[in-house]
Every structure is written in C-alpha cells, then in structure tokens.
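Enquirer: Mind having a look at this structure? Questions to follow.
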Amino acid sequence: METLEQNIAIVKSKIGEAAAKSGRSPEEIHLVAVTKTVPPETVQKAVNLGITLLGENRVQEAGKKVDIVRGNVQWHLIGHLQKNKVKPAIKLFSMIQSLDSLGLAEEIEKRAGEIRRVMDVLIQINIGREETKAGIDADDAVEFIKKVSQLPHIKIKGLMAIPPFKEDPEEVRYYFRKMNDIFQNIKMMQIENVEMNFLSMGMTHDFGIAIEEGSNMVRIGTGIFGKRK
C-alpha cells in the first residue's frame, strides 16, 4: 500500500509540474489509472487512495473487476474494441477511448440504441501512421468525425492517440504537438454533436511531455501499479 500511495503521489506531482509548464492547473489533467493485469484488490486500494478513473484494455478483463471494485469510479476502455464485444462494452464502460472505424461506430450505435444509451467516445488517431497500431489517419479525422457525429447514440468527446515509442520521450513531442493541433482545429469547427473536451495522450514513459503539449488526460499503468508481472 505504501508503494502504491507513493507512486500515485509521484505521478500527481509530475502532472502538476508539467501542467505548470503549459500554464494550466493540475486539476485540468485527468488521470486514468490503467488496470490491465492488476488484481481487483489492488485496484480497490488505488480507488481508496483517490483514483476515480480506471482504464482497461480488454472487455473481458474489465467484466471481472467492475462489479468488485467499489467507489465513485468510471471505467474507460482504452484498448482496441472488437465488434463482437461491443454489447458488453457499452454496459461496462462510461467511455470508449478507442473508436477507430466506421464499422465499429455503427455497431456501437446499434447496441447503444438498443438500451437507449448515448455512448461517450474518443476518436483514436494513428498519429505515427504505424501499421501495427489502430486508429484513423490524421488526414481523415475530420471527415470521419463528421460521419460519426450523425449517429444519435454516440457522443464524440475528444481524441486519443498512442504515438510511436521512443527511448527518449523528447522524440515524441512532435507527435503530441501535432495531435494538439488537430484537436484545436476540430474544436474550432464546432461540429454538431461533437465536444472536443478531452485530448487523451501520454503514458508512464512520456506523459510529462504530452501534458506540456496539450494533453488533458493521461493513461498511467506502470507508474502507478509497477511493472506488470
């Protein structure tokens, strides 16, 4: 527990430092604790220490934790979502951060419509144009968002990205800056049914740089829970 408490304090301190560099308050930065492979009892300890946003990569794993972990928390899906997992996903999560295709959007629309729910989503951008990563190409983002915005049971709340991994996080600053440019441009367009509230980018290795370049939502796993066994 002591280590977990210390880790959370260190992460929050670094968030504060990075926020100050970008002229913002730490309260503007949303911390998502990534709970992939973390047992429910450890997740509960983090919640007891003040964590309110939890991110899971897989629907099946989240299903084993959501009913066990108690507290005023929200669960976000941050990993790739398969169409055949959409039905349980919209019941488990308050937000899907990884909307990356029109086909997936249509399936979310269908399943959310069945339970009369409006599903909050972030559009995942493949900012590094990496073949191994999901996401919409940056050049196609506006057209894609306009199409998804017409679906009544989906609410676009912002963008998410996973830039290429570099040993030196300074080398990914360019990608974060480019993402913020895209984010701000779409925000200025004021597309109907679209709210550019969240720019989710930055993980344990590089979240300080991400915040400096405009991120207001970071996804931290190792920095909080330690290296996965």
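Identifiers for the structure tokens are assigned positionally: chains receive A, B, ... in sequence, residues are indexed from 1 per chain, and ligands are indexed from 1 in the order shown.
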What's the 6 Å shell around Ala161 (chain A), counting only C-alpha atoms, without same-chain residues fewer than 5 positions away, as an NGL selection string?
Expert: :A and (124-125 or 201)
Enquirer: Quick one: residues within 10 Å of Ala112 (chain A), only C-alpha atoms counted, chain neighbours fewer than 6 positions away excluded, as a compact mmCIF listing (two decimals) with C-alpha atoms, in the first residue's frame?
Expert:
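Result file is result.txt:
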# COMPACT_ATOMS: atom_id res chain seq x y z
CA VAL A 86 -19.48 -4.01 -28.21
CA LYS A 87 -22.65 -5.20 -26.45
CA ALA A 89 -18.60 -2.93 -23.52
CA ILE A 90 -21.34 -0.31 -23.57
CA LYS A 91 -22.72 -1.72 -20.31
CA GLU A 106 -22.16 1.64 -36.44
CA VAL A 118 -25.67 7.65 -25.58
CA MET A 119 -22.10 6.30 -25.52
CA PRO A 152 -27.55 9.78 -32.31
CA HIS A 153 -26.39 7.24 -29.71
CA ILE A 154 -22.71 8.23 -29.87
Enquirer: Write out as a ChimeraX atom specification the set of residues from region 3-132 of chain A that DSSP, computed on the backbone, places in strand (DSSP E or B).
Expert: /A:30-34,53-56,74-77,95-99,119-125
Enquirer: So which bits of region 62-227 of chain A end up alpha helix (DSSP H) when you DSSP the backbone, as a PyMOL selection string?
Expert: chain A and resi 62-63+86-92+102-114+141-148+173-189+207-212+222-225
Enquirer: Can you tell me how far CA of Val142 (chain A) sits from CA of Ile209 (chain A), in Å to one decimal?
Expert: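 Calculated distance between CA of Val142 (chain A) and CA of Ile209 (chain A) is 25.1 Å.
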Enquirer: Between CA of Glu41 (chain A) and CA of Val69 (chain A), what distance in Å does the model show, to one decimal?
Expert: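 These atoms are spaced 7.6 Å apart.
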Enquirer: Skip Phe93 (chain A) itself and residues of its chain fewer than 4 positions away, then list as a PyMOL selection string all residues within 8 Å of it, counting only C-alpha atoms.
Expert: chain A and resi 74-77+89
Enquirer: Pick from A:Asp137, A:Glu130, A:Glu143, A:Glu213: nearest to Glu170 (chain A), with only C-alpha atoms counted?
Expert: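 Distance minimum relative to Glu170 (chain A) lands on A:Glu213.
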